[in-house]
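Asks: The structure's right below; bear with me while I get my questions together.
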Amino acid sequence: MNPFQLVLTQMRQRALSTWLTLLSVILGAALAVSVLILRRESTALFAQSDFGYDILVGAKGSPMQLVLNTAYHIDKSPGNIPYIVLEALRNNPALVKHAVPYIVGDTYHGMRVAGTTPALFGFDEYTGKPLAGYDEKGHLLPGYQAAGLPEDERDANKQTAASVFEIRVNKKFTLNQGRMFHPRKFEGVIGADVTARSGLKMGDKFKVAHDAPPGKETELDEHDEEWTVVGVLDKTYTAEDRVVYVPLVSYYAIPQHESAMDLQTAMQQGEDLSRFGKDRPLGDITTKPTTGPSTLPASRSSTGPTATGPATTPTASAHHDHDHEEAYEMTPDGLISLKLPKSRWMLSAVLVRTQGGQYSTQSNRSLQYIFRNSPAATAVSPAEVMREFFNTFLSPTTLILLVIAFLVVLTAAVSILVSIYNAVSARAREIAIMRALGATRGTVLFLICFEAGLIGLIGGIIGMGVGHGLGAIESSFFVQKLGQGINWINPGWEEWVYLGGVVVVSVLAGLVPGLKAYRTPVATNLVSG
Amino acid sequence: MALEIRNLKKDYVGPDGSVVPVIDVAQLSIADGEHVALIGSSGSGKTTLLHLIAGIVAPDGGSIVFSESKAGAADESTDITRLDEARRDVFRGAHVGYIFQTHHLLPGFTALENVLLGMSFTGRKPDPAFARHLLTEVGLSDRLHYKPSRLSVGQQQRVAVARALANRPRLVLADEPTGALDPTNAQQVLALIRKLCEEVAASLLLVTHDLDIARQLSRVLILSEINKAGRSATLPSVPAATS
């Protein structure tokens, strides 16, 4: 019998004890591996710096909340900023390459509904048509090269496509089905996971609810406007996969949004709020409006780039009747024409790609400086914020978990020690018999340590498997919360190091009973009993 | 393999610190292939003498020399009292078979595994076919995969005999191997030991209380006559068997 067979037979002999010891190692290793996966993947997830935008402009407040809300679609929006901030950014081409508007606040079956423009997806902001060099689905056409390609990588024989916004570095949205929405129609495109999560699919009509959590939507929360799904995006493996995107203008066309923005603008600009009247109390911006006399300022028309003003100017009373026709009119060619002037539009955030294109560049710093001194909005670097978030919260938390996991493994090692120590005590005669059969003290020590190491190895490997199973659960949790899973399948180098550590600790734990066995007096144990 | 013991001494220190001589053998020889019985009363040092010969315990003095004649070559002799413990262990594993009074089988191992266990510490490749042959010879060919708990006492002792012979030892030390057996089983086990020792050309030193058993071997030694440290034997002198 070789040592392996010998040890396996001995382990089989005390199967219950071996299994219990193995179980403690498996649990310890599984916990540690799942923590290692969580630590590694949360680092990759939250400390990532590959956002396609290097500045997020949003309401003053918590930068982290702004980033979590905009990039990961979790947490509440920290508030709104005036639309003119977007225009101001776009009027500064020396610093800003792309500025994409973003407004949130509504949900569809618990999933985020975001108002934006086709620019977010790399399409023409005014028509929703593909830009030069891209096809209907947003893919680069043959014979074209991306505008973001570095000079030294460019092919002289290819044309350069239009510069487009990318959601991640070198990764823009593309359509899997259908087409991009028209920026002035009640159309929407949905993320790749929306169909699976809600059943919403191409051609379906849908309504959205005001910021209601899943399953908590009530009829009162639901807006009356109805959108049609005209496109489904390719999977990005990010939180964007479970977002329903609608045109910014259609978002403003919702009467409740219109009145809320009007109120917010009034408050921000210090206007007389008495005009909102009793039937429209402050803060009552989430429920359906009541019909009644006009309480909003009269004579507004949109003249912005995404919503040309209506041909007719509504009267104040007509404007404030709060019927659906009040917030917008449909032009003869079926486009939304907003009544709310652009000066009163609001945004949740603006996604900015600076000219530098990289973080910590001059343009990036300049923008942050400008907004630092602005009362209207703030500008943050999402990469920096997430790095800070990771360093402040996640890193220490996972470190604590790692320490706990290490202690659990030490506990498992102690259980190996106790188990084998007890076995050695009970097997003193067996050890003496082996010695009488020619086993040296060194052989006995080796066999005990080998057994301990084998338990560590088997437990560690099974624990790795179980740990990855826990990683799958962690991943589904991330998917549920962030719409973005983690790589729980591939083991990282740290796991192999950990497995080696488990084996070493186990062998060291085996040394104690091993030395006891080493010192077992042969003659005494052969004779006694 | 012949065995030559000279001036072998072993003392034990009592709990009160007193030194108790246990073994003091001036001379003891066993010829190559000889089967010798050693009889003595309880506490006379029989087991200690076997432990000394096997190298399980180190003596306080004297020599234990194993010598082997090789055709066309000089005799090879090893004084195990000059070996350190590890080398004594290795020597024992390779050249000495030990049969205990109680079988001392490992309970978690099958009969075959127990025999294979005896082959595991010699550095030589285990020979499962020979292990099966030994178990067949002791009448357990249909019990190869039985654990000791499923074997009778007699069967357990047969497995122990097979295990002691597993490495084709040159000397077999048997410490009252029939002591726990009924007369019929005792005779059968003795016959098996002798048969297998002859098969592998091993010398045999068998300790027993049983005069009938002792008489069947080629020579009988009375420990009290050769061990000055032992208590006086009360057993009468026994004539050696002629066979």
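How things are named: the first chain in the structure tokens is A, the next is B, and so on; residues count from 1 in each chain; ligands count from 1 in the order shown.
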Could you make a table, as a Markdown table, of the residues of chain B that have an atom within 8 Å of an atom of chain A, each with its nearest atom pair and distance in Å to one decimal, counting only C-alpha atoms, in chain and number order?
Replies:
```
| residue | atom | partner | partner_atom | distance |
| --- | --- | --- | --- | --- |
| B:His51 | CA | A:Ala523 | CA | 7.2 |
| B:Ile56 | CA | A:Ala523 | CA | 6.6 |
| B:Val57 | CA | A:Ala523 | CA | 7.0 |
| B:Glu85 | CA | A:Thr440 | CA | 7.9 |
| B:Ala86 | CA | A:Thr440 | CA | 5.4 |
| B:Asp89 | CA | A:Gly438 | CA | 4.8 |
| B:Val90 | CA | A:Gly438 | CA | 5.4 |
| B:Phe91 | CA | A:Gly438 | CA | 7.4 |
| B:Arg92 | CA | A:Gly438 | CA | 5.6 |
| B:Gly93 | CA | A:Gly438 | CA | 3.7 |
| B:Ala94 | CA | A:Gly438 | CA | 7.4 |
| B:Gly97 | CA | A:Leu437 | CA | 7.6 |
| B:Tyr98 | CA | A:Ala436 | CA | 7.5 |
| B:His104 | CA | A:Ile433 | CA | 6.8 |
| B:Leu106 | CA | A:Glu430 | CA | 6.2 |
| B:Pro107 | CA | A:Gln13 | CA | 7.8 |
| B:Gly108 | CA | A:Gln13 | CA | 4.7 |
| B:Phe109 | CA | A:Thr9 | CA | 6.8 |
| B:Glu113 | CA | A:Met1 | CA | 7.7 |
| B:Leu116 | CA | A:Met1 | CA | 6.0 |
| B:Leu117 | CA | A:Met1 | CA | 6.1 |
| B:Gly118 | CA | A:Leu437 | CA | 5.7 |
| B:Met119 | CA | A:Met1 | CA | 7.3 |
| B:Ser120 | CA | A:Met1 | CA | 5.4 |
| B:Phe121 | CA | A:Ala439 | CA | 5.3 |
| B:Thr122 | CA | A:Gly438 | CA | 6.8 |
| B:Pro126 | CA | A:Met1 | CA | 6.6 |
```
Asks: Identify, on the basis of only C-alpha atoms, every residue whose closest approach to Ile420 (chain A) does not exceed 9 Å; exclude the query and any residue fewer than 3 positions from it along the same chain; express the result as a list in words.
Replies: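 Contacts, with the query itself left out: Ser17, Thr18, Ser415, Ile416, Leu417, Ala423, Val424, Ser425, Ile448, Glu451, Ala452, Ala509, Gly510, Val512, Pro513 and Gly514 of chain A.
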Asks: Given the selection you just returned, output its residues as a file containing C-alpha atoms, formatted as a JSON list (two decimals), in the first residue's frame.
Replies:
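Here's the written file again_0.json:
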```json
[["chain", "number", "residue", "atom", "x", "y", "z"],
["A", 17, "SER", "CA", -14.82, 12.11, 12.13],
["A", 18, "THR", "CA", -13.11, 12.59, 8.77],
["A", 415, "SER", "CA", -10.57, 20.92, 14.02],
["A", 416, "ILE", "CA", -8.17, 18.93, 11.83],
["A", 417, "LEU", "CA", -5.68, 19.05, 14.67],
["A", 423, "ALA", "CA", -7.48, 9.69, 16.39],
["A", 424, "VAL", "CA", -3.80, 9.36, 17.20],
["A", 425, "SER", "CA", -4.62, 8.96, 20.88],
["A", 448, "ILE", "CA", -0.17, 11.92, 9.90],
["A", 451, "GLU", "CA", -3.51, 12.84, 6.14],
["A", 452, "ALA", "CA", -3.95, 16.37, 7.52],
["A", 509, "ALA", "CA", -2.04, 21.31, 12.18],
["A", 510, "GLY", "CA", -1.11, 17.70, 11.50],
["A", 512, "VAL", "CA", 0.90, 18.31, 16.58],
["A", 513, "PRO", "CA", -0.75, 14.88, 16.44],
["A", 514, "GLY", "CA", 2.05, 13.79, 14.14]]
```
Asks: Pull the strand (DSSP E) assignments for region 6-212 of chain B out of DSSP run on the backbone, and list those residues as JSON, numbers by chain.
Replies: {"B": [6, 7, 8, 9, 10, 11, 12, 13, 19, 20, 21, 22, 23, 24, 25, 26, 27, 28, 29, 30, 35, 36, 37, 38, 39, 61, 62, 63, 64, 65, 66, 67, 68, 69, 70, 73, 74, 75, 76, 77, 78, 79, 96, 97, 98, 99, 171, 172, 173, 174, 175, 203, 204, 205, 206, 207, 208]}
Asks: Between CA of Pro59 (chain B) and CA of Ile39 (chain B), measure the distance and give it in Å to one decimal.
Replies: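 Between CA of Pro59 (chain B) and CA of Ile39 (chain B) the gap is 20.8 Å.
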Asks: Do a neighbour search on Ile222 (chain B) at 6 Å with only C-alpha atoms, toss out local chain neighbours closer than 2 positions, and write the hits as an mmCIF file with C-alpha atoms, in the first residue's frame.
Replies:
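Result file is result-v1.cif:
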```
data_model
loop_
_atom_site.group_PDB
_atom_site.id
_atom_site.type_symbol
_atom_site.label_atom_id
_atom_site.label_comp_id
_atom_site.auth_asym_id
_atom_site.auth_seq_id
_atom_site.Cartn_x
_atom_site.Cartn_y
_atom_site.Cartn_z
ATOM 1 C CA LEU B 38 11.357 -20.312 24.006
ATOM 2 C CA ILE B 39 9.402 -21.022 27.149
ATOM 3 C CA GLY B 40 9.283 -19.077 30.318
ATOM 4 C CA SER B 224 15.257 -18.906 33.015
ATOM 5 C CA GLU B 225 18.221 -20.972 32.011
#
```
Asks: Quick one: residues within 9 Å of Leu190 (chain B), only C-alpha atoms counted, chain neighbours fewer than 4 positions away excluded, as a list in words?
Replies: Pro177, Thr178, Asn185, Ala186, Arg194, Lys195 and Ile213 of chain B
Asks: Find the residues around Leu151 (chain B) up to 12 Å (only C-alpha atoms counted), leave out those fewer than 2 positions away in its own chain, and share them as number ranges by chain.
Replies: B: 103, 105, 107, 110-111, 140, 142-149, 153-160
Asks: Compile the contact shell of Leu134 (chain B) as a PyMOL selection string: residues with an atom at most 8 Å away, counting only C-alpha atoms, same-chain residues fewer than 5 positions apart removed.
Replies: chain B and resi 162+165-166
Asks: Output C-alpha atoms for every residue in the selection just made, as an mmCIF file, in the first residue's frame.
Replies:
```
data_model
loop_
_atom_site.group_PDB
_atom_site.id
_atom_site.type_symbol
_atom_site.label_atom_id
_atom_site.label_comp_id
_atom_site.auth_asym_id
_atom_site.auth_seq_id
_atom_site.Cartn_x
_atom_site.Cartn_y
_atom_site.Cartn_z
ATOM 1 C CA ALA B 162 0.235 -14.142 6.809
ATOM 2 C CA LEU B 165 5.428 -13.556 6.444
ATOM 3 C CA ALA B 166 4.500 -10.932 3.855
#
```
Asks: Could you pull out the helix (DSSP H, G or I) residues of region 60-271 of chain A, going by DSSP on the backbone, and write them as a PDB file with N, CA and C atoms, in the first residue's frame?
Replies:
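Saved to out_9.pdb:
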```pdb
ATOM      1  N   PRO A  63     -21.716  62.996  -4.220  1.00  0.00           N
ATOM      2  CA  PRO A  63     -21.186  62.527  -5.508  1.00  0.00           C
ATOM      3  C   PRO A  63     -21.423  61.036  -5.689  1.00  0.00           C
ATOM      4  N   MET A  64     -21.323  60.288  -4.573  1.00  0.00           N
ATOM      5  CA  MET A  64     -21.485  58.836  -4.677  1.00  0.00           C
ATOM      6  C   MET A  64     -22.908  58.488  -5.095  1.00  0.00           C
ATOM      7  N   GLN A  65     -23.853  59.221  -4.500  1.00  0.00           N
ATOM      8  CA  GLN A  65     -25.248  58.984  -4.845  1.00  0.00           C
ATOM      9  C   GLN A  65     -25.482  59.273  -6.325  1.00  0.00           C
ATOM     10  N   LEU A  66     -24.839  60.335  -6.786  1.00  0.00           N
ATOM     11  CA  LEU A  66     -24.982  60.708  -8.193  1.00  0.00           C
ATOM     12  C   LEU A  66     -24.451  59.597  -9.100  1.00  0.00           C
ATOM     13  N   VAL A  67     -23.281  59.074  -8.739  1.00  0.00           N
ATOM     14  CA  VAL A  67     -22.668  58.036  -9.578  1.00  0.00           C
ATOM     15  C   VAL A  67     -23.452  56.728  -9.468  1.00  0.00           C
ATOM     16  N   LEU A  68     -23.787  56.338  -8.270  1.00  0.00           N
ATOM     17  CA  LEU A  68     -24.535  55.087  -8.096  1.00  0.00           C
ATOM     18  C   LEU A  68     -25.861  55.154  -8.840  1.00  0.00           C
ATOM     19  N   ASN A  69     -26.494  56.324  -8.770  1.00  0.00           N
ATOM     20  CA  ASN A  69     -27.797  56.481  -9.407  1.00  0.00           C
ATOM     21  C   ASN A  69     -27.673  56.497 -10.933  1.00  0.00           C
ATOM     22  N   THR A  70     -26.635  57.139 -11.430  1.00  0.00           N
ATOM     23  CA  THR A  70     -26.527  57.299 -12.877  1.00  0.00           C
ATOM     24  C   THR A  70     -25.844  56.104 -13.537  1.00  0.00           C
ATOM     25  N   ALA A  71     -24.746  55.641 -12.942  1.00  0.00           N
ATOM     26  CA  ALA A  71     -23.967  54.582 -13.593  1.00  0.00           C
ATOM     27  C   ALA A  71     -24.467  53.193 -13.251  1.00  0.00           C
ATOM     28  N   ILE A  84     -30.299  74.002 -18.852  1.00  0.00           N
ATOM     29  CA  ILE A  84     -29.333  74.950 -19.434  1.00  0.00           C
ATOM     30  C   ILE A  84     -27.892  74.546 -19.101  1.00  0.00           C
ATOM     31  N   VAL A  85     -27.718  73.735 -18.076  1.00  0.00           N
ATOM     32  CA  VAL A  85     -26.362  73.245 -17.767  1.00  0.00           C
ATOM     33  C   VAL A  85     -25.839  72.433 -18.942  1.00  0.00           C
ATOM     34  N   LEU A  86     -26.740  71.615 -19.528  1.00  0.00           N
ATOM     35  CA  LEU A  86     -26.347  70.825 -20.695  1.00  0.00           C
ATOM     36  C   LEU A  86     -25.918  71.738 -21.831  1.00  0.00           C
ATOM     37  N   GLU A  87     -26.716  72.782 -22.033  1.00  0.00           N
ATOM     38  CA  GLU A  87     -26.392  73.702 -23.134  1.00  0.00           C
ATOM     39  C   GLU A  87     -25.074  74.423 -22.866  1.00  0.00           C
ATOM     40  N   ALA A  88     -24.882  74.778 -21.607  1.00  0.00           N
ATOM     41  CA  ALA A  88     -23.628  75.449 -21.258  1.00  0.00           C
ATOM     42  C   ALA A  88     -22.434  74.543 -21.534  1.00  0.00           C
ATOM     43  N   LEU A  89     -22.610  73.268 -21.225  1.00  0.00           N
ATOM     44  CA  LEU A  89     -21.522  72.314 -21.473  1.00  0.00           C
ATOM     45  C   LEU A  89     -21.262  72.176 -22.973  1.00  0.00           C
ATOM     46  N   ARG A  90     -22.346  72.042 -23.713  1.00  0.00           N
ATOM     47  CA  ARG A  90     -22.198  71.869 -25.157  1.00  0.00           C
ATOM     48  C   ARG A  90     -21.634  73.117 -25.824  1.00  0.00           C
ATOM     49  N   PRO A 118     -31.006  60.046 -28.458  1.00  0.00           N
ATOM     50  CA  PRO A 118     -30.288  59.009 -29.216  1.00  0.00           C
ATOM     51  C   PRO A 118     -28.765  59.169 -29.127  1.00  0.00           C
ATOM     52  N   ALA A 119     -28.309  60.339 -28.707  1.00  0.00           N
ATOM     53  CA  ALA A 119     -26.868  60.554 -28.594  1.00  0.00           C
ATOM     54  C   ALA A 119     -26.227  59.572 -27.618  1.00  0.00           C
ATOM     55  N   LEU A 120     -26.976  59.172 -26.604  1.00  0.00           N
ATOM     56  CA  LEU A 120     -26.438  58.222 -25.625  1.00  0.00           C
ATOM     57  C   LEU A 120     -25.999  56.940 -26.322  1.00  0.00           C
ATOM     58  N   PHE A 121     -26.729  56.587 -27.377  1.00  0.00           N
ATOM     59  CA  PHE A 121     -26.474  55.313 -28.046  1.00  0.00           C
ATOM     60  C   PHE A 121     -25.593  55.476 -29.296  1.00  0.00           C
ATOM     61  N   GLU A 151      -4.235  58.038 -33.344  1.00  0.00           N
ATOM     62  CA  GLU A 151      -3.675  58.383 -34.661  1.00  0.00           C
ATOM     63  C   GLU A 151      -2.796  57.264 -35.220  1.00  0.00           C
ATOM     64  N   ASP A 152      -1.949  56.703 -34.384  1.00  0.00           N
ATOM     65  CA  ASP A 152      -0.993  55.712 -34.880  1.00  0.00           C
ATOM     66  C   ASP A 152      -1.644  54.358 -35.185  1.00  0.00           C
ATOM     67  N   GLU A 153      -2.909  54.214 -34.836  1.00  0.00           N
ATOM     68  CA  GLU A 153      -3.591  52.940 -35.136  1.00  0.00           C
ATOM     69  C   GLU A 153      -4.563  53.088 -36.299  1.00  0.00           C
ATOM     70  N   VAL A 194     -34.355  43.399 -20.141  1.00  0.00           N
ATOM     71  CA  VAL A 194     -35.702  43.872 -19.791  1.00  0.00           C
ATOM     72  C   VAL A 194     -36.762  42.851 -20.183  1.00  0.00           C
ATOM     73  N   THR A 195     -36.601  42.262 -21.359  1.00  0.00           N
ATOM     74  CA  THR A 195     -37.600  41.288 -21.818  1.00  0.00           C
ATOM     75  C   THR A 195     -37.686  40.120 -20.841  1.00  0.00           C
ATOM     76  N   ALA A 196     -36.492  39.627 -20.462  1.00  0.00           N
ATOM     77  CA  ALA A 196     -36.483  38.478 -19.550  1.00  0.00           C
ATOM     78  C   ALA A 196     -37.080  38.840 -18.198  1.00  0.00           C
ATOM     79  N   ARG A 197     -36.872  40.066 -17.773  1.00  0.00           N
ATOM     80  CA  ARG A 197     -37.312  40.452 -16.431  1.00  0.00           C
ATOM     81  C   ARG A 197     -38.771  40.888 -16.389  1.00  0.00           C
ATOM     82  N   SER A 198     -39.286  41.368 -17.516  1.00  0.00           N
ATOM     83  CA  SER A 198     -40.645  41.916 -17.458  1.00  0.00           C
ATOM     84  C   SER A 198     -41.556  41.409 -18.556  1.00  0.00           C
ATOM     85  N   ALA A 239     -25.335  47.497 -15.721  1.00  0.00           N
ATOM     86  CA  ALA A 239     -26.657  47.842 -15.205  1.00  0.00           C
ATOM     87  C   ALA A 239     -27.558  48.394 -16.305  1.00  0.00           C
ATOM     88  N   GLU A 240     -26.960  48.822 -17.417  1.00  0.00           N
ATOM     89  CA  GLU A 240     -27.758  49.394 -18.504  1.00  0.00           C
ATOM     90  C   GLU A 240     -28.680  48.356 -19.138  1.00  0.00           C
ATOM     91  N   ASP A 241     -28.356  47.084 -18.908  1.00  0.00           N
ATOM     92  CA  ASP A 241     -29.126  46.026 -19.568  1.00  0.00           C
ATOM     93  C   ASP A 241     -30.554  45.926 -19.068  1.00  0.00           C
ATOM     94  N   ARG A 242     -30.845  46.559 -17.969  1.00  0.00           N
ATOM     95  CA  ARG A 242     -32.229  46.458 -17.471  1.00  0.00           C
ATOM     96  C   ARG A 242     -32.870  47.838 -17.322  1.00  0.00           C
ATOM     97  N   LEU A 248     -36.062  61.947 -24.122  1.00  0.00           N
ATOM     98  CA  LEU A 248     -36.110  62.993 -23.088  1.00  0.00           C
ATOM     99  C   LEU A 248     -37.401  63.814 -23.216  1.00  0.00           C
ATOM    100  N   VAL A 249     -37.743  64.128 -24.448  1.00  0.00           N
ATOM    101  CA  VAL A 249     -38.908  64.970 -24.698  1.00  0.00           C
ATOM    102  C   VAL A 249     -40.190  64.275 -24.244  1.00  0.00           C
ATOM    103  N   SER A 250     -40.240  62.963 -24.472  1.00  0.00           N
ATOM    104  CA  SER A 250     -41.441  62.239 -24.057  1.00  0.00           C
ATOM    105  C   SER A 250     -41.537  62.211 -22.537  1.00  0.00           C
ATOM    106  N   TYR A 251     -40.398  62.250 -21.886  1.00  0.00           N
ATOM    107  CA  TYR A 251     -40.374  62.301 -20.415  1.00  0.00           C
ATOM    108  C   TYR A 251     -40.991  63.619 -19.940  1.00  0.00           C
ATOM    109  N   TYR A 252     -40.610  64.682 -20.636  1.00  0.00           N
ATOM    110  CA  TYR A 252     -41.155  65.999 -20.267  1.00  0.00           C
ATOM    111  C   TYR A 252     -42.632  66.125 -20.630  1.00  0.00           C
ATOM    112  N   PRO A 255     -47.495  65.101 -17.881  1.00  0.00           N
ATOM    113  CA  PRO A 255     -47.943  66.304 -17.171  1.00  0.00           C
ATOM    114  C   PRO A 255     -47.356  66.434 -15.770  1.00  0.00           C
ATOM    115  N   GLN A 256     -47.282  65.320 -15.055  1.00  0.00           N
ATOM    116  CA  GLN A 256     -46.731  65.387 -13.705  1.00  0.00           C
ATOM    117  C   GLN A 256     -45.275  65.835 -13.724  1.00  0.00           C
ATOM    118  N   HIS A 257     -44.536  65.369 -14.719  1.00  0.00           N
ATOM    119  CA  HIS A 257     -43.143  65.792 -14.833  1.00  0.00           C
ATOM    120  C   HIS A 257     -43.069  67.273 -15.189  1.00  0.00           C
ATOM    121  N   GLU A 258     -43.940  67.645 -16.084  1.00  0.00           N
ATOM    122  CA  GLU A 258     -43.942  69.054 -16.504  1.00  0.00           C
ATOM    123  C   GLU A 258     -44.159  69.959 -15.304  1.00  0.00           C
ATOM    124  N   SER A 259     -45.200  69.631 -14.515  1.00  0.00           N
ATOM    125  CA  SER A 259     -45.507  70.511 -13.383  1.00  0.00           C
ATOM    126  C   SER A 259     -44.428  70.442 -12.320  1.00  0.00           C
ATOM    127  N   ALA A 260     -43.852  69.242 -12.149  1.00  0.00           N
ATOM    128  CA  ALA A 260     -42.786  69.108 -11.154  1.00  0.00           C
ATOM    129  C   ALA A 260     -41.581  69.951 -11.552  1.00  0.00           C
ATOM    130  N   MET A 261     -41.224  69.884 -12.829  1.00  0.00           N
ATOM    131  CA  MET A 261     -40.069  70.674 -13.281  1.00  0.00           C
ATOM    132  C   MET A 261     -40.351  72.163 -13.164  1.00  0.00           C
ATOM    133  N   ASP A 262     -41.587  72.511 -13.461  1.00  0.00           N
ATOM    134  CA  ASP A 262     -41.970  73.919 -13.359  1.00  0.00           C
ATOM    135  C   ASP A 262     -41.818  74.392 -11.919  1.00  0.00           C
ATOM    136  N   LEU A 263     -42.276  73.574 -11.000  1.00  0.00           N
ATOM    137  CA  LEU A 263     -42.190  73.903  -9.583  1.00  0.00           C
ATOM    138  C   LEU A 263     -40.738  73.969  -9.125  1.00  0.00           C
ATOM    139  N   GLN A 264     -39.960  72.953  -9.530  1.00  0.00           N
ATOM    140  CA  GLN A 264     -38.548  72.936  -9.129  1.00  0.00           C
ATOM    141  C   GLN A 264     -37.822  74.170  -9.659  1.00  0.00           C
ATOM    142  N   THR A 265     -38.116  74.517 -10.900  1.00  0.00           N
ATOM    143  CA  THR A 265     -37.484  75.700 -11.477  1.00  0.00           C
ATOM    144  C   THR A 265     -37.873  76.944 -10.695  1.00  0.00           C
ATOM    145  N   ALA A 266     -39.154  77.009 -10.370  1.00  0.00           N
ATOM    146  CA  ALA A 266     -39.631  78.169  -9.613  1.00  0.00           C
ATOM    147  C   ALA A 266     -38.923  78.273  -8.270  1.00  0.00           C
ATOM    148  N   MET A 267     -38.780  77.146  -7.628  1.00  0.00           N
ATOM    149  CA  MET A 267     -38.106  77.170  -6.326  1.00  0.00           C
ATOM    150  C   MET A 267     -36.635  77.529  -6.475  1.00  0.00           C
ATOM    151  N   GLN A 268     -35.982  76.935  -7.485  1.00  0.00           N
ATOM    152  CA  GLN A 268     -34.559  77.229  -7.676  1.00  0.00           C
ATOM    153  C   GLN A 268     -34.317  78.691  -8.018  1.00  0.00           C
TER     154      GLN A 268
END
```
Asks: What is the CA of Thr107 (chain A)-CA of Leu351 (chain A) distance in Å, reported with one decimal?
Replies: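 Atom-to-atom, CA of Thr107 (chain A) to CA of Leu351 (chain A), that is 20.3 Å.
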